[in-house]
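Source file: protein.pdb; contents: PDB, C-alpha atoms.
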ATOM      1  CA  MET A   1      58.356   4.377  -7.138
ATOM      2  CA  PHE A   2      60.082   1.931  -9.467
ATOM      3  CA  ILE A   3      63.664   0.795  -9.720
ATOM      4  CA  ILE A   4      64.539   0.760 -13.384
ATOM      5  CA  VAL A   5      66.488  -2.288 -14.440
ATOM      6  CA  GLN A   6      68.212  -1.320 -17.650
ATOM      7  CA  GLU A   7      69.328  -4.155 -19.872
ATOM      8  CA  CYS A   8      69.592  -6.686 -17.064
ATOM      9  CA  PRO A   9      68.720 -10.263 -18.013
ATOM     10  CA  GLU A  10      65.698 -11.511 -16.101
ATOM     11  CA  ALA A  11      67.588 -14.590 -14.862
ATOM     12  CA  VAL A  12      70.407 -12.442 -13.431
ATOM     13  CA  HIS A  13      67.923 -10.017 -11.890
ATOM     14  CA  GLN A  14      66.095 -12.872 -10.170
ATOM     15  CA  LEU A  15      69.381 -14.261  -8.874
ATOM     16  CA  MET A  16      70.217 -10.838  -7.419
ATOM     17  CA  LEU A  17      66.828 -10.592  -5.730
ATOM     18  CA  ASP A  18      67.266 -14.083  -4.284
ATOM     19  CA  THR A  19      70.673 -13.238  -2.838
ATOM     20  CA  TRP A  20      69.398  -9.962  -1.349
ATOM     21  CA  GLN A  21      66.729 -11.593   0.822
ATOM     22  CA  LYS A  22      66.604  -9.890   4.222
ATOM     23  CA  ASP A  23      66.507 -13.211   6.079
ATOM     24  CA  ARG A  24      69.767 -14.998   5.331
ATOM     25  CA  LYS A  25      68.032 -18.380   5.692
ATOM     26  CA  ASN A  26      66.109 -17.541   2.523
ATOM     27  CA  ARG A  27      69.238 -16.701   0.518
ATOM     28  CA  PRO A  28      70.720 -19.315  -1.822
ATOM     29  CA  LYS A  29      73.938 -21.030  -0.786
ATOM     30  CA  PHE A  30      77.093 -20.010  -2.643
ATOM     31  CA  SER A  31      77.160 -23.354  -4.463
ATOM     32  CA  ALA A  32      73.633 -22.711  -5.786
ATOM     33  CA  VAL A  33      74.642 -19.226  -6.994
ATOM     34  CA  ARG A  34      77.709 -20.694  -8.706
ATOM     35  CA  ASN A  35      75.618 -23.437 -10.348
ATOM     36  CA  THR A  36      73.094 -20.871 -11.589
ATOM     37  CA  LEU A  37      75.846 -18.699 -13.057
ATOM     38  CA  ASP A  38      77.449 -21.738 -14.709
ATOM     39  CA  ARG A  39      74.091 -22.717 -16.227
ATOM     40  CA  LEU A  40      73.534 -19.176 -17.518
ATOM     41  CA  MET A  41      76.983 -19.037 -19.109
ATOM     42  CA  GLN A  42      76.395 -22.359 -20.856
ATOM     43  CA  SER A  43      72.942 -21.320 -22.095
ATOM     44  CA  PRO A  44      73.211 -17.734 -23.359
ATOM     45  CA  ASP A  45      69.635 -17.909 -24.644
ATOM     46  CA  LEU A  46      68.524 -17.682 -20.997
ATOM     47  CA  LEU A  47      70.058 -14.194 -20.884
ATOM     48  CA  LYS A  48      68.051 -12.754 -23.767
ATOM     49  CA  LYS A  49      64.882 -11.975 -21.829
ATOM     50  CA  LEU A  50      65.338  -8.681 -20.002
ATOM     51  CA  ALA A  51      63.927  -7.953 -16.559
ATOM     52  CA  LYS A  52      61.003  -5.595 -16.013
ATOM     53  CA  PRO A  53      61.027  -2.698 -13.513
ATOM     54  CA  VAL A  54      60.506  -3.726  -9.871
ATOM     55  CA  ASN A  55      58.030  -2.005  -7.594
ATOM     56  CA  GLN A  56      59.998  -0.245  -4.802
ATOM     57  CA  ALA A  57      57.371  -1.386  -2.267
ATOM     58  CA  MET A  58      58.517  -4.988  -2.772
ATOM     59  CA  ILE A  59      62.031  -4.143  -1.613
ATOM     60  CA  ASP A  60      63.272  -3.845   1.969
ATOM     61  CA  PRO A  61      62.641  -0.209   3.015
ATOM     62  CA  GLU A  62      66.021  -0.118   4.774
ATOM     63  CA  MET A  63      67.840  -0.855   1.530
ATOM     64  CA  PRO A  64      69.253   2.298  -0.072
ATOM     65  CA  ASN A  65      67.701   3.391  -3.348
ATOM     66  CA  ILE A  66      70.314   2.600  -5.974
ATOM     67  CA  ALA A  67      68.207   3.538  -8.975
ATOM     68  CA  SER A  68      70.543   6.403  -9.862
ATOM     69  CA  GLN A  69      73.566   4.084 -10.109
ATOM     70  CA  LEU A  70      74.582   3.142 -13.633
ATOM     71  CA  THR A  71      76.973   0.348 -12.682
ATOM     72  CA  VAL A  72      77.457  -1.996  -9.772
TER      73      VAL A  72
END

Any chance you could give the structure as structure tokens?
Amino acid sequence: MFIIVQECPEAVHQLMLDTWQKDRKNRPKFSAVRNTLDRLMQSPDLLKKLAKPVNQAMIDPEMPNIASQLTV
């Protein structure tokens, strides 16, 4: 099963995956998230490459399947 990422920039998708780590010790600090978002806003070219679908097996099985959601 795949989660379809529609028109989501790869950099934003990776940031989301990083912040959704099951073990909170592996999640980025808020300041790092803010710095990443600032960098992305100042370099719009980084947002042009779109993310590819993610294999469901790579995601925490306890996480609900949100593939049917169109917006966050």

Quiz prompt | Residues matched by the PyMOL selection byres ((chain A and resi 14) around 12) as a list in words | solution =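 So the PyMOL selection byres ((chain A and resi 14) around 12), applied here, picks out Val5, Cys8, Pro9, Glu10, Ala11, Val12, His13, Leu15, Met16, Leu17, Asp18, Thr19, Trp20, Gln21, Arg27, Pro28, Val33, Thr36, Leu37, Leu47, Lys49, Leu50, Ala51, Lys52, Pro53 and Val54 of chain A.
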
Quiz item: In Å to one decimal, how far is atom CA of A:Ser43 from atom CA of A:Glu7?
Solution: 17.7 Å

Exercise. Kindly give the distance, in Å, that separates atom CA of A:Asp45 and atom CA of A:Asn26, rounded to a single decimal.
Key: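 Value for the atom CA of A:Asp45-atom CA of A:Asn26 distance: 27.4 Å.
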